[in-house]
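Note sheet for the following structure.
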Amino acid sequence: MGLFNAAVWVGGSVFFSFLAAPVFFTPEVTAFAPKPANGLVAQAVLGRYFMLHIICGTIASLHLLIEWLHSGGGFPKRAIALVCVLLGLALFGGKFISPKTAVWHQQKYQFQLKTEGEPPMIENIKYDASVIQSAKWKFAVWHGVSQIVNLAMVILLIWRFWHLTHLNVQDGLSTFGQRKRNLFAK
């Protein structure tokens with residue numbers, strides 16, 4: 001279960017980060033979903049991306065705790081710490097950065113999403129030039145922070161996954177089948 005969860009987590013992260021996310025801003029997509037609509041679609045998918053991290057992180061945490069209780073061995077401090085860091089980054093990105101960038105995106109393109117009524121659900125709003133300029137700057141800065149957070153998450157996941165699926169001379173086990181199949185166990 002642990003290795004399957006890890007494969008889904010790493011695979012989903014790599015797929016989204018390097019293949020799916022850039023597509024929203026290609027000429028093919030902007031031809032039928034021009035700005036700001038392509039950004040709205042990207043935000044919707046990004047919300048599900050952070051949900052993937054939260055679900056996989058929760059499964060990994062539960063798996064570690066159940067394995068620890070069942071085995072009676074030492075508490076997996078490093079593994080739990082890694083999962084907590086990844087969950088913290090996912091929560092930071094999904095619950096702090098994404099909502100803020102969504103508001104700045106709306107201000108930048110001078111619209112507001114309607115929660116009720118008939119389509120289209122986008123209502124044009126005129127913002128002051130200083131609000132628009134501030135939104136552009138804040139969006140750019142926090143989008144960069146979001147990219148750094150995402151890159152850190154992907155690097156941590158790939159590093160740990162690689163570490164578990166390759167030779168580890170320290171524990172004397174030479175094949176994948178000889179080692180535990182838990183992404184975060186030591």
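By order of appearance in the structure tokens: chains A, B, ..., then residues from 1 within every chain, and ligands from 1 in the order shown.
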
Mind checking DSSP for stretch 28-121 of chain A and telling me the helix (DSSP H, G or I) residues as a PDB file with N, CA, C and O atoms, in the first residue's frame?
ATOM      1  N   GLU A  28      -2.724  26.361 -28.141  1.00  0.00           N
ATOM      2  CA  GLU A  28      -3.854  25.469 -28.390  1.00  0.00           C
ATOM      3  C   GLU A  28      -4.980  25.702 -27.386  1.00  0.00           C
ATOM      4  O   GLU A  28      -6.155  25.702 -27.740  1.00  0.00           O
ATOM      5  N   VAL A  29      -4.635  25.891 -26.131  1.00  0.00           N
ATOM      6  CA  VAL A  29      -5.646  26.094 -25.094  1.00  0.00           C
ATOM      7  C   VAL A  29      -6.144  27.534 -25.096  1.00  0.00           C
ATOM      8  O   VAL A  29      -7.349  27.775 -24.972  1.00  0.00           O
ATOM      9  N   THR A  30      -5.242  28.483 -25.239  1.00  0.00           N
ATOM     10  CA  THR A  30      -5.680  29.885 -25.212  1.00  0.00           C
ATOM     11  C   THR A  30      -6.535  30.234 -26.429  1.00  0.00           C
ATOM     12  O   THR A  30      -7.240  31.241 -26.409  1.00  0.00           O
ATOM     13  N   ALA A  31      -6.521  29.400 -27.475  1.00  0.00           N
ATOM     14  CA  ALA A  31      -7.389  29.634 -28.626  1.00  0.00           C
ATOM     15  C   ALA A  31      -8.867  29.483 -28.238  1.00  0.00           C
ATOM     16  O   ALA A  31      -9.715  30.196 -28.745  1.00  0.00           O
ATOM     17  N   PHE A  32      -9.182  28.544 -27.352  1.00  0.00           N
ATOM     18  CA  PHE A  32     -10.579  28.379 -26.944  1.00  0.00           C
ATOM     19  C   PHE A  32     -10.839  28.802 -25.504  1.00  0.00           C
ATOM     20  O   PHE A  32     -11.987  28.917 -25.086  1.00  0.00           O
ATOM     21  N   ALA A  37      -9.722  33.183 -18.704  1.00  0.00           N
ATOM     22  CA  ALA A  37     -10.372  31.880 -18.527  1.00  0.00           C
ATOM     23  C   ALA A  37      -9.364  30.748 -18.351  1.00  0.00           C
ATOM     24  O   ALA A  37      -9.592  29.835 -17.535  1.00  0.00           O
ATOM     25  N   ASN A  38      -8.249  30.782 -19.080  1.00  0.00           N
ATOM     26  CA  ASN A  38      -7.257  29.713 -18.925  1.00  0.00           C
ATOM     27  C   ASN A  38      -6.676  29.689 -17.516  1.00  0.00           C
ATOM     28  O   ASN A  38      -6.404  28.630 -16.962  1.00  0.00           O
ATOM     29  N   GLY A  39      -6.528  30.850 -16.906  1.00  0.00           N
ATOM     30  CA  GLY A  39      -6.058  30.919 -15.525  1.00  0.00           C
ATOM     31  C   GLY A  39      -7.077  30.351 -14.556  1.00  0.00           C
ATOM     32  O   GLY A  39      -6.711  29.712 -13.559  1.00  0.00           O
ATOM     33  N   LEU A  40      -8.361  30.555 -14.842  1.00  0.00           N
ATOM     34  CA  LEU A  40      -9.410  29.989 -13.987  1.00  0.00           C
ATOM     35  C   LEU A  40      -9.416  28.469 -14.053  1.00  0.00           C
ATOM     36  O   LEU A  40      -9.574  27.783 -13.038  1.00  0.00           O
ATOM     37  N   VAL A  41      -9.230  27.941 -15.256  1.00  0.00           N
ATOM     38  CA  VAL A  41      -9.168  26.481 -15.415  1.00  0.00           C
ATOM     39  C   VAL A  41      -7.939  25.940 -14.679  1.00  0.00           C
ATOM     40  O   VAL A  41      -8.020  24.925 -13.974  1.00  0.00           O
ATOM     41  N   ALA A  42      -6.823  26.614 -14.813  1.00  0.00           N
ATOM     42  CA  ALA A  42      -5.598  26.190 -14.118  1.00  0.00           C
ATOM     43  C   ALA A  42      -5.798  26.213 -12.603  1.00  0.00           C
ATOM     44  O   ALA A  42      -5.358  25.297 -11.903  1.00  0.00           O
ATOM     45  N   GLN A  43      -6.484  27.228 -12.090  1.00  0.00           N
ATOM     46  CA  GLN A  43      -6.742  27.306 -10.651  1.00  0.00           C
ATOM     47  C   GLN A  43      -7.615  26.149 -10.180  1.00  0.00           C
ATOM     48  O   GLN A  43      -7.402  25.600  -9.099  1.00  0.00           O
ATOM     49  N   ALA A  44      -8.619  25.777 -10.995  1.00  0.00           N
ATOM     50  CA  ALA A  44      -9.493  24.662 -10.626  1.00  0.00           C
ATOM     51  C   ALA A  44      -8.709  23.357 -10.547  1.00  0.00           C
ATOM     52  O   ALA A  44      -8.872  22.570  -9.605  1.00  0.00           O
ATOM     53  N   VAL A  45      -7.834  23.132 -11.519  1.00  0.00           N
ATOM     54  CA  VAL A  45      -7.021  21.910 -11.514  1.00  0.00           C
ATOM     55  C   VAL A  45      -6.003  21.953 -10.373  1.00  0.00           C
ATOM     56  O   VAL A  45      -5.730  20.939  -9.732  1.00  0.00           O
ATOM     57  N   LEU A  46      -5.460  23.122 -10.104  1.00  0.00           N
ATOM     58  CA  LEU A  46      -4.485  23.277  -9.022  1.00  0.00           C
ATOM     59  C   LEU A  46      -5.096  22.908  -7.670  1.00  0.00           C
ATOM     60  O   LEU A  46      -4.428  22.302  -6.827  1.00  0.00           O
ATOM     61  N   GLY A  47      -6.354  23.246  -7.473  1.00  0.00           N
ATOM     62  CA  GLY A  47      -7.028  22.859  -6.236  1.00  0.00           C
ATOM     63  C   GLY A  47      -7.059  21.344  -6.063  1.00  0.00           C
ATOM     64  O   GLY A  47      -6.836  20.818  -4.966  1.00  0.00           O
ATOM     65  N   ARG A  48      -7.291  20.637  -7.145  1.00  0.00           N
ATOM     66  CA  ARG A  48      -7.291  19.172  -7.086  1.00  0.00           C
ATOM     67  C   ARG A  48      -5.880  18.617  -6.915  1.00  0.00           C
ATOM     68  O   ARG A  48      -5.684  17.576  -6.300  1.00  0.00           O
ATOM     69  N   TYR A  49      -4.911  19.319  -7.445  1.00  0.00           N
ATOM     70  CA  TYR A  49      -3.512  18.914  -7.275  1.00  0.00           C
ATOM     71  C   TYR A  49      -3.114  18.961  -5.801  1.00  0.00           C
ATOM     72  O   TYR A  49      -2.507  18.023  -5.283  1.00  0.00           O
ATOM     73  N   PHE A  50      -3.481  20.050  -5.124  1.00  0.00           N
ATOM     74  CA  PHE A  50      -3.166  20.123  -3.695  1.00  0.00           C
ATOM     75  C   PHE A  50      -3.955  19.083  -2.907  1.00  0.00           C
ATOM     76  O   PHE A  50      -3.474  18.553  -1.909  1.00  0.00           O
ATOM     77  N   MET A  51      -5.161  18.763  -3.359  1.00  0.00           N
ATOM     78  CA  MET A  51      -5.942  17.709  -2.708  1.00  0.00           C
ATOM     79  C   MET A  51      -5.235  16.360  -2.844  1.00  0.00           C
ATOM     80  O   MET A  51      -5.230  15.562  -1.918  1.00  0.00           O
ATOM     81  N   LEU A  52      -4.623  16.097  -3.999  1.00  0.00           N
ATOM     82  CA  LEU A  52      -3.836  14.874  -4.190  1.00  0.00           C
ATOM     83  C   LEU A  52      -2.740  14.788  -3.135  1.00  0.00           C
ATOM     84  O   LEU A  52      -2.548  13.740  -2.510  1.00  0.00           O
ATOM     85  N   HIS A  53      -2.037  15.889  -2.895  1.00  0.00           N
ATOM     86  CA  HIS A  53      -0.975  15.908  -1.898  1.00  0.00           C
ATOM     87  C   HIS A  53      -1.529  15.641  -0.496  1.00  0.00           C
ATOM     88  O   HIS A  53      -0.929  14.901   0.288  1.00  0.00           O
ATOM     89  N   ILE A  54      -2.653  16.237  -0.184  1.00  0.00           N
ATOM     90  CA  ILE A  54      -3.230  16.070   1.149  1.00  0.00           C
ATOM     91  C   ILE A  54      -3.704  14.627   1.346  1.00  0.00           C
ATOM     92  O   ILE A  54      -3.454  14.019   2.397  1.00  0.00           O
ATOM     93  N   ILE A  55      -4.348  14.057   0.340  1.00  0.00           N
ATOM     94  CA  ILE A  55      -4.824  12.672   0.452  1.00  0.00           C
ATOM     95  C   ILE A  55      -3.650  11.702   0.553  1.00  0.00           C
ATOM     96  O   ILE A  55      -3.620  10.843   1.442  1.00  0.00           O
ATOM     97  N   CYS A  56      -2.677  11.835  -0.341  1.00  0.00           N
ATOM     98  CA  CYS A  56      -1.524  10.924  -0.306  1.00  0.00           C
ATOM     99  C   CYS A  56      -0.706  11.099   0.971  1.00  0.00           C
ATOM    100  O   CYS A  56      -0.216  10.119   1.535  1.00  0.00           O
ATOM    101  N   GLY A  57      -0.565  12.328   1.446  1.00  0.00           N
ATOM    102  CA  GLY A  57       0.156  12.567   2.697  1.00  0.00           C
ATOM    103  C   GLY A  57      -0.561  11.964   3.888  1.00  0.00           C
ATOM    104  O   GLY A  57       0.068  11.403   4.795  1.00  0.00           O
ATOM    105  N   THR A  58      -1.878  12.047   3.896  1.00  0.00           N
ATOM    106  CA  THR A  58      -2.662  11.450   4.971  1.00  0.00           C
ATOM    107  C   THR A  58      -2.541   9.933   4.943  1.00  0.00           C
ATOM    108  O   THR A  58      -2.352   9.293   5.986  1.00  0.00           O
ATOM    109  N   ILE A  59      -2.635   9.344   3.749  1.00  0.00           N
ATOM    110  CA  ILE A  59      -2.470   7.885   3.620  1.00  0.00           C
ATOM    111  C   ILE A  59      -1.079   7.471   4.091  1.00  0.00           C
ATOM    112  O   ILE A  59      -0.930   6.478   4.818  1.00  0.00           O
ATOM    113  N   ALA A  60      -0.055   8.217   3.692  1.00  0.00           N
ATOM    114  CA  ALA A  60       1.315   7.889   4.114  1.00  0.00           C
ATOM    115  C   ALA A  60       1.449   7.977   5.631  1.00  0.00           C
ATOM    116  O   ALA A  60       2.067   7.104   6.256  1.00  0.00           O
ATOM    117  N   SER A  61       0.875   8.999   6.236  1.00  0.00           N
ATOM    118  CA  SER A  61       0.932   9.149   7.699  1.00  0.00           C
ATOM    119  C   SER A  61       0.255   7.986   8.398  1.00  0.00           C
ATOM    120  O   SER A  61       0.809   7.400   9.335  1.00  0.00           O
ATOM    121  N   LEU A  62      -0.947   7.659   7.943  1.00  0.00           N
ATOM    122  CA  LEU A  62      -1.675   6.539   8.545  1.00  0.00           C
ATOM    123  C   LEU A  62      -0.934   5.227   8.354  1.00  0.00           C
ATOM    124  O   LEU A  62      -0.854   4.411   9.278  1.00  0.00           O
ATOM    125  N   HIS A  63      -0.376   5.048   7.165  1.00  0.00           N
ATOM    126  CA  HIS A  63       0.381   3.823   6.897  1.00  0.00           C
ATOM    127  C   HIS A  63       1.586   3.708   7.833  1.00  0.00           C
ATOM    128  O   HIS A  63       1.861   2.642   8.389  1.00  0.00           O
ATOM    129  N   LEU A  64       2.298   4.793   8.002  1.00  0.00           N
ATOM    130  CA  LEU A  64       3.454   4.793   8.904  1.00  0.00           C
ATOM    131  C   LEU A  64       3.038   4.482  10.336  1.00  0.00           C
ATOM    132  O   LEU A  64       3.690   3.697  11.025  1.00  0.00           O
ATOM    133  N   LEU A  65       1.983   5.122  10.788  1.00  0.00           N
ATOM    134  CA  LEU A  65       1.532   4.907  12.172  1.00  0.00           C
ATOM    135  C   LEU A  65       1.033   3.484  12.387  1.00  0.00           C
ATOM    136  O   LEU A  65       1.356   2.851  13.405  1.00  0.00           O
ATOM    137  N   ILE A  66       0.270   2.954  11.438  1.00  0.00           N
ATOM    138  CA  ILE A  66      -0.220   1.573  11.560  1.00  0.00           C
ATOM    139  C   ILE A  66       0.940   0.597  11.528  1.00  0.00           C
ATOM    140  O   ILE A  66       0.997  -0.343  12.319  1.00  0.00           O
ATOM    141  N   GLU A  67       1.884   0.819  10.638  1.00  0.00           N
ATOM    142  CA  GLU A  67       3.058  -0.056  10.547  1.00  0.00           C
ATOM    143  C   GLU A  67       3.870  -0.005  11.852  1.00  0.00           C
ATOM    144  O   GLU A  67       4.339  -1.024  12.338  1.00  0.00           O
ATOM    145  N   TRP A  68       4.018   1.192  12.407  1.00  0.00           N
ATOM    146  CA  TRP A  68       4.760   1.343  13.656  1.00  0.00           C
ATOM    147  C   TRP A  68       4.046   0.625  14.796  1.00  0.00           C
ATOM    148  O   TRP A  68       4.671  -0.098  15.577  1.00  0.00           O
ATOM    149  N   LEU A  69       2.739   0.793  14.906  1.00  0.00           N
ATOM    150  CA  LEU A  69       1.974   0.123  15.972  1.00  0.00           C
ATOM    151  C   LEU A  69       2.002  -1.387  15.804  1.00  0.00           C
ATOM    152  O   LEU A  69       2.089  -2.127  16.790  1.00  0.00           O
ATOM    153  N   HIS A  70       1.946  -1.842  14.573  1.00  0.00           N
ATOM    154  CA  HIS A  70       1.931  -3.282  14.305  1.00  0.00           C
ATOM    155  C   HIS A  70       3.299  -3.922  14.520  1.00  0.00           C
ATOM    156  O   HIS A  70       3.400  -5.025  15.050  1.00  0.00           O
ATOM    157  N   SER A  71       4.357  -3.226  14.145  1.00  0.00           N
ATOM    158  CA  SER A  71       5.694  -3.823  14.220  1.00  0.00           C
ATOM    159  C   SER A  71       6.310  -3.732  15.610  1.00  0.00           C
ATOM    160  O   SER A  71       7.159  -4.540  15.970  1.00  0.00           O
ATOM    161  N   LYS A  77      10.559   8.701  13.196  1.00  0.00           N
ATOM    162  CA  LYS A  77      10.601  10.161  13.341  1.00  0.00           C
ATOM    163  C   LYS A  77      10.902  10.878  12.026  1.00  0.00           C
ATOM    164  O   LYS A  77      10.227  11.832  11.669  1.00  0.00           O
ATOM    165  N   ARG A  78      11.930  10.435  11.329  1.00  0.00           N
ATOM    166  CA  ARG A  78      12.304  11.101  10.079  1.00  0.00           C
ATOM    167  C   ARG A  78      11.211  10.981   9.025  1.00  0.00           C
ATOM    168  O   ARG A  78      10.924  11.929   8.308  1.00  0.00           O
ATOM    169  N   ALA A  79      10.626   9.809   8.955  1.00  0.00           N
ATOM    170  CA  ALA A  79       9.571   9.589   7.968  1.00  0.00           C
ATOM    171  C   ALA A  79       8.350  10.454   8.261  1.00  0.00           C
ATOM    172  O   ALA A  79       7.794  11.083   7.353  1.00  0.00           O
ATOM    173  N   ILE A  80       7.948  10.493   9.502  1.00  0.00           N
ATOM    174  CA  ILE A  80       6.805  11.327   9.885  1.00  0.00           C
ATOM    175  C   ILE A  80       7.138  12.799   9.662  1.00  0.00           C
ATOM    176  O   ILE A  80       6.293  13.572   9.192  1.00  0.00           O
ATOM    177  N   ALA A  81       8.356  13.194   9.954  1.00  0.00           N
ATOM    178  CA  ALA A  81       8.765  14.584   9.738  1.00  0.00           C
ATOM    179  C   ALA A  81       8.680  14.941   8.255  1.00  0.00           C
ATOM    180  O   ALA A  81       8.196  16.025   7.904  1.00  0.00           O
ATOM    181  N   LEU A  82       9.134  14.049   7.385  1.00  0.00           N
ATOM    182  CA  LEU A  82       9.075  14.296   5.944  1.00  0.00           C
ATOM    183  C   LEU A  82       7.628  14.436   5.480  1.00  0.00           C
ATOM    184  O   LEU A  82       7.289  15.355   4.730  1.00  0.00           O
ATOM    185  N   VAL A  83       6.765  13.535   5.940  1.00  0.00           N
ATOM    186  CA  VAL A  83       5.349  13.612   5.562  1.00  0.00           C
ATOM    187  C   VAL A  83       4.741  14.912   6.084  1.00  0.00           C
ATOM    188  O   VAL A  83       3.968  15.573   5.381  1.00  0.00           O
ATOM    189  N   CYS A  84       5.085  15.294   7.292  1.00  0.00           N
ATOM    190  CA  CYS A  84       4.562  16.552   7.863  1.00  0.00           C
ATOM    191  C   CYS A  84       5.029  17.763   7.065  1.00  0.00           C
ATOM    192  O   CYS A  84       4.251  18.701   6.845  1.00  0.00           O
ATOM    193  N   VAL A  85       6.279  17.762   6.638  1.00  0.00           N
ATOM    194  CA  VAL A  85       6.782  18.858   5.804  1.00  0.00           C
ATOM    195  C   VAL A  85       6.006  18.909   4.490  1.00  0.00           C
ATOM    196  O   VAL A  85       5.558  19.974   4.061  1.00  0.00           O
ATOM    197  N   LEU A  86       5.816  17.755   3.855  1.00  0.00           N
ATOM    198  CA  LEU A  86       5.084  17.720   2.591  1.00  0.00           C
ATOM    199  C   LEU A  86       3.631  18.156   2.778  1.00  0.00           C
ATOM    200  O   LEU A  86       3.093  18.915   1.963  1.00  0.00           O
ATOM    201  N   LEU A  87       2.989  17.685   3.839  1.00  0.00           N
ATOM    202  CA  LEU A  87       1.614  18.109   4.116  1.00  0.00           C
ATOM    203  C   LEU A  87       1.552  19.605   4.412  1.00  0.00           C
ATOM    204  O   LEU A  87       0.630  20.298   3.966  1.00  0.00           O
ATOM    205  N   GLY A  88       2.517  20.095   5.175  1.00  0.00           N
ATOM    206  CA  GLY A  88       2.561  21.523   5.474  1.00  0.00           C
ATOM    207  C   GLY A  88       2.715  22.363   4.219  1.00  0.00           C
ATOM    208  O   GLY A  88       2.037  23.389   4.054  1.00  0.00           O
ATOM    209  N   LEU A  89       3.584  21.933   3.310  1.00  0.00           N
ATOM    210  CA  LEU A  89       3.760  22.651   2.053  1.00  0.00           C
ATOM    211  C   LEU A  89       2.491  22.604   1.208  1.00  0.00           C
ATOM    212  O   LEU A  89       2.108  23.600   0.589  1.00  0.00           O
ATOM    213  N   ALA A  90       1.829  21.445   1.183  1.00  0.00           N
ATOM    214  CA  ALA A  90       0.580  21.319   0.424  1.00  0.00           C
ATOM    215  C   ALA A  90      -0.503  22.219   1.005  1.00  0.00           C
ATOM    216  O   ALA A  90      -1.235  22.887   0.261  1.00  0.00           O
ATOM    217  N   LEU A  91      -0.614  22.249   2.311  1.00  0.00           N
ATOM    218  CA  LEU A  91      -1.608  23.119   2.949  1.00  0.00           C
ATOM    219  C   LEU A  91      -1.272  24.591   2.724  1.00  0.00           C
ATOM    220  O   LEU A  91      -2.166  25.407   2.477  1.00  0.00           O
ATOM    221  N   PHE A  92      -0.003  24.930   2.804  1.00  0.00           N
ATOM    222  CA  PHE A  92       0.431  26.304   2.558  1.00  0.00           C
ATOM    223  C   PHE A  92       0.064  26.727   1.129  1.00  0.00           C
ATOM    224  O   PHE A  92      -0.476  27.810   0.897  1.00  0.00           O
ATOM    225  N   GLY A  93       0.350  25.847   0.172  1.00  0.00           N
ATOM    226  CA  GLY A  93       0.031  26.162  -1.217  1.00  0.00           C
ATOM    227  C   GLY A  93      -1.460  26.186  -1.492  1.00  0.00           C
ATOM    228  O   GLY A  93      -1.963  27.092  -2.156  1.00  0.00           O
ATOM    229  N   GLY A  94      -2.169  25.198  -0.974  1.00  0.00           N
ATOM    230  CA  GLY A  94      -3.582  25.069  -1.289  1.00  0.00           C
ATOM    231  C   GLY A  94      -4.507  25.958  -0.491  1.00  0.00           C
ATOM    232  O   GLY A  94      -5.542  26.404  -1.003  1.00  0.00           O
ATOM    233  N   LYS A  95      -4.165  26.228   0.744  1.00  0.00           N
ATOM    234  CA  LYS A  95      -5.071  26.995   1.610  1.00  0.00           C
ATOM    235  C   LYS A  95      -4.625  28.432   1.839  1.00  0.00           C
ATOM    236  O   LYS A  95      -5.409  29.252   2.291  1.00  0.00           O
ATOM    237  N   PHE A  96      -3.372  28.750   1.535  1.00  0.00           N
ATOM    238  CA  PHE A  96      -2.887  30.113   1.744  1.00  0.00           C
ATOM    239  C   PHE A  96      -2.585  30.807   0.419  1.00  0.00           C
ATOM    240  O   PHE A  96      -3.131  31.866   0.130  1.00  0.00           O
ATOM    241  N   ILE A  97      -1.720  30.199  -0.387  1.00  0.00           N
ATOM    242  CA  ILE A  97      -1.292  30.859  -1.623  1.00  0.00           C
ATOM    243  C   ILE A  97      -2.405  30.880  -2.670  1.00  0.00           C
ATOM    244  O   ILE A  97      -2.693  31.932  -3.250  1.00  0.00           O
ATOM    245  N   SER A  98      -3.021  29.742  -2.944  1.00  0.00           N
ATOM    246  CA  SER A  98      -4.027  29.666  -4.015  1.00  0.00           C
ATOM    247  C   SER A  98      -5.192  30.639  -3.850  1.00  0.00           C
ATOM    248  O   SER A  98      -5.570  31.309  -4.816  1.00  0.00           O
ATOM    249  N   PRO A  99      -5.792  30.741  -2.662  1.00  0.00           N
ATOM    250  CA  PRO A  99      -6.890  31.719  -2.533  1.00  0.00           C
ATOM    251  C   PRO A  99      -6.442  33.161  -2.786  1.00  0.00           C
ATOM    252  O   PRO A  99      -7.177  33.943  -3.386  1.00  0.00           O
ATOM    253  N   LYS A 100      -5.243  33.502  -2.335  1.00  0.00           N
ATOM    254  CA  LYS A 100      -4.740  34.860  -2.544  1.00  0.00           C
ATOM    255  C   LYS A 100      -4.475  35.124  -4.025  1.00  0.00           C
ATOM    256  O   LYS A 100      -4.839  36.179  -4.558  1.00  0.00           O
ATOM    257  N   THR A 101      -3.843  34.172  -4.700  1.00  0.00           N
ATOM    258  CA  THR A 101      -3.562  34.376  -6.123  1.00  0.00           C
ATOM    259  C   THR A 101      -4.850  34.410  -6.942  1.00  0.00           C
ATOM    260  O   THR A 101      -4.901  35.095  -7.974  1.00  0.00           O
ATOM    261  N   ALA A 102      -5.881  33.713  -6.500  1.00  0.00           N
ATOM    262  CA  ALA A 102      -7.172  33.761  -7.205  1.00  0.00           C
ATOM    263  C   ALA A 102      -7.764  35.168  -7.152  1.00  0.00           C
ATOM    264  O   ALA A 102      -8.264  35.678  -8.161  1.00  0.00           O
ATOM    265  N   VAL A 103      -7.686  35.804  -5.998  1.00  0.00           N
ATOM    266  CA  VAL A 103      -8.192  37.176  -5.859  1.00  0.00           C
ATOM    267  C   VAL A 103      -7.365  38.135  -6.705  1.00  0.00           C
ATOM    268  O   VAL A 103      -7.915  38.983  -7.421  1.00  0.00           O
ATOM    269  N   TRP A 104      -6.046  38.009  -6.664  1.00  0.00           N
ATOM    270  CA  TRP A 104      -5.182  38.893  -7.439  1.00  0.00           C
ATOM    271  C   TRP A 104      -5.358  38.678  -8.941  1.00  0.00           C
ATOM    272  O   TRP A 104      -5.251  39.610  -9.727  1.00  0.00           O
ATOM    273  N   HIS A 105      -5.638  37.439  -9.337  1.00  0.00           N
ATOM    274  CA  HIS A 105      -5.899  37.139 -10.742  1.00  0.00           C
ATOM    275  C   HIS A 105      -7.154  37.885 -11.203  1.00  0.00           C
ATOM    276  O   HIS A 105      -7.185  38.464 -12.292  1.00  0.00           O
ATOM    277  N   GLN A 106      -8.179  37.886 -10.375  1.00  0.00           N
ATOM    278  CA  GLN A 106      -9.418  38.595 -10.707  1.00  0.00           C
ATOM    279  C   GLN A 106      -9.188  40.107 -10.780  1.00  0.00           C
ATOM    280  O   GLN A 106      -9.695  40.774 -11.688  1.00  0.00           O
ATOM    281  N   GLN A 107      -8.423  40.628  -9.851  1.00  0.00           N
ATOM    282  CA  GLN A 107      -8.133  42.066  -9.873  1.00  0.00           C
ATOM    283  C   GLN A 107      -7.273  42.437 -11.078  1.00  0.00           C
ATOM    284  O   GLN A 107      -7.493  43.466 -11.715  1.00  0.00           O
ATOM    285  N   LYS A 108      -6.316  41.617 -11.380  1.00  0.00           N
ATOM    286  CA  LYS A 108      -5.404  41.857 -12.497  1.00  0.00           C
ATOM    287  C   LYS A 108      -6.171  41.956 -13.820  1.00  0.00           C
ATOM    288  O   LYS A 108      -5.883  42.809 -14.651  1.00  0.00           O
TER     289      LYS A 108
END

Residues flagged strand (DSSP E or B) by DSSP in stretch 4-184 of chain A, as a PyMOL selection string: chain A and resi 111-113+122-124+168+173

Using only all heavy atoms, please write the residues we just selected to a file, as an mmCIF file, in the first residue's frame.
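File written: again06.cif
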data_model
loop_
_atom_site.group_PDB
_atom_site.id
_atom_site.type_symbol
_atom_site.label_atom_id
_atom_site.label_comp_id
_atom_site.auth_asym_id
_atom_site.auth_seq_id
_atom_site.Cartn_x
_atom_site.Cartn_y
_atom_site.Cartn_z
ATOM 1 N N PHE A 111 -12.157 41.405 -13.208
ATOM 2 C CA PHE A 111 -13.407 40.666 -13.192
ATOM 3 C C PHE A 111 -13.617 40.095 -11.801
ATOM 4 O O PHE A 111 -12.740 40.122 -10.955
ATOM 5 C CB PHE A 111 -13.414 39.546 -14.244
ATOM 6 C CG PHE A 111 -12.533 38.375 -13.898
ATOM 7 C CD1 PHE A 111 -13.055 37.271 -13.237
ATOM 8 C CD2 PHE A 111 -11.203 38.369 -14.245
ATOM 9 C CE1 PHE A 111 -12.251 36.192 -12.928
ATOM 10 C CE2 PHE A 111 -10.383 37.294 -13.943
ATOM 11 C CZ PHE A 111 -10.910 36.200 -13.273
ATOM 12 N N GLN A 112 -14.812 39.571 -11.599
ATOM 13 C CA GLN A 112 -15.138 38.907 -10.342
ATOM 14 C C GLN A 112 -16.005 37.703 -10.689
ATOM 15 O O GLN A 112 -16.877 37.781 -11.556
ATOM 16 C CB GLN A 112 -15.889 39.848 -9.416
ATOM 17 C CG GLN A 112 -16.189 39.266 -8.068
ATOM 18 C CD GLN A 112 -16.841 40.293 -7.149
ATOM 19 O OE1 GLN A 112 -17.149 41.401 -7.548
ATOM 20 N NE2 GLN A 112 -17.040 39.908 -5.915
ATOM 21 N N LEU A 113 -15.754 36.598 -10.020
ATOM 22 C CA LEU A 113 -16.569 35.410 -10.235
ATOM 23 C C LEU A 113 -17.875 35.556 -9.475
ATOM 24 O O LEU A 113 -17.883 35.909 -8.304
ATOM 25 C CB LEU A 113 -15.835 34.152 -9.759
ATOM 26 C CG LEU A 113 -14.611 33.744 -10.558
ATOM 27 C CD1 LEU A 113 -13.964 32.521 -9.934
ATOM 28 C CD2 LEU A 113 -14.974 33.462 -12.000
ATOM 29 N N ILE A 122 -18.707 35.171 -14.927
ATOM 30 C CA ILE A 122 -17.696 36.213 -14.774
ATOM 31 C C ILE A 122 -18.368 37.567 -14.946
ATOM 32 O O ILE A 122 -19.048 37.815 -15.938
ATOM 33 C CB ILE A 122 -16.557 36.048 -15.795
ATOM 34 C CG1 ILE A 122 -15.808 34.741 -15.538
ATOM 35 C CG2 ILE A 122 -15.607 37.230 -15.739
ATOM 36 C CD1 ILE A 122 -14.734 34.437 -16.546
ATOM 37 N N GLU A 123 -18.170 38.425 -13.978
ATOM 38 C CA GLU A 123 -18.726 39.770 -14.006
ATOM 39 C C GLU A 123 -17.572 40.760 -14.118
ATOM 40 O O GLU A 123 -16.625 40.710 -13.341
ATOM 41 C CB GLU A 123 -19.501 40.004 -12.705
ATOM 42 C CG GLU A 123 -20.168 41.330 -12.600
ATOM 43 C CD GLU A 123 -20.941 41.460 -11.296
ATOM 44 O OE1 GLU A 123 -20.910 40.539 -10.456
ATOM 45 O OE2 GLU A 123 -21.559 42.514 -11.123
ATOM 46 N N ASN A 124 -17.643 41.651 -15.099
ATOM 47 C CA ASN A 124 -16.593 42.656 -15.270
ATOM 48 C C ASN A 124 -16.671 43.685 -14.154
ATOM 49 O O ASN A 124 -17.747 44.171 -13.821
ATOM 50 C CB ASN A 124 -16.712 43.353 -16.624
ATOM 51 C CG ASN A 124 -16.363 42.424 -17.759
ATOM 52 O OD1 ASN A 124 -15.526 41.554 -17.615
ATOM 53 N ND2 ASN A 124 -17.005 42.606 -18.888
ATOM 54 N N ASN A 168 20.543 0.298 -1.204
ATOM 55 C CA ASN A 168 20.884 1.048 0.000
ATOM 56 C C ASN A 168 21.951 0.239 0.737
ATOM 57 O O ASN A 168 21.645 -0.704 1.446
ATOM 58 C CB ASN A 168 19.647 1.242 0.877
ATOM 59 C CG ASN A 168 19.946 2.139 2.062
ATOM 60 O OD1 ASN A 168 21.085 2.493 2.310
ATOM 61 N ND2 ASN A 168 18.912 2.487 2.784
ATOM 62 N N LEU A 173 20.640 -4.416 2.352
ATOM 63 C CA LEU A 173 19.641 -5.053 1.505
ATOM 64 C C LEU A 173 19.847 -4.579 0.078
ATOM 65 O O LEU A 173 19.909 -3.393 -0.188
ATOM 66 C CB LEU A 173 18.234 -4.700 1.989
ATOM 67 C CG LEU A 173 17.935 -5.102 3.440
ATOM 68 C CD1 LEU A 173 16.572 -4.605 3.847
ATOM 69 C CD2 LEU A 173 18.028 -6.608 3.600
#

Selected residue of minimal separation from A:Phe18 among A:Lys114, A:Asn150, A:Lys136, A:Pro119, counting only C-alpha atoms: A:Asn150
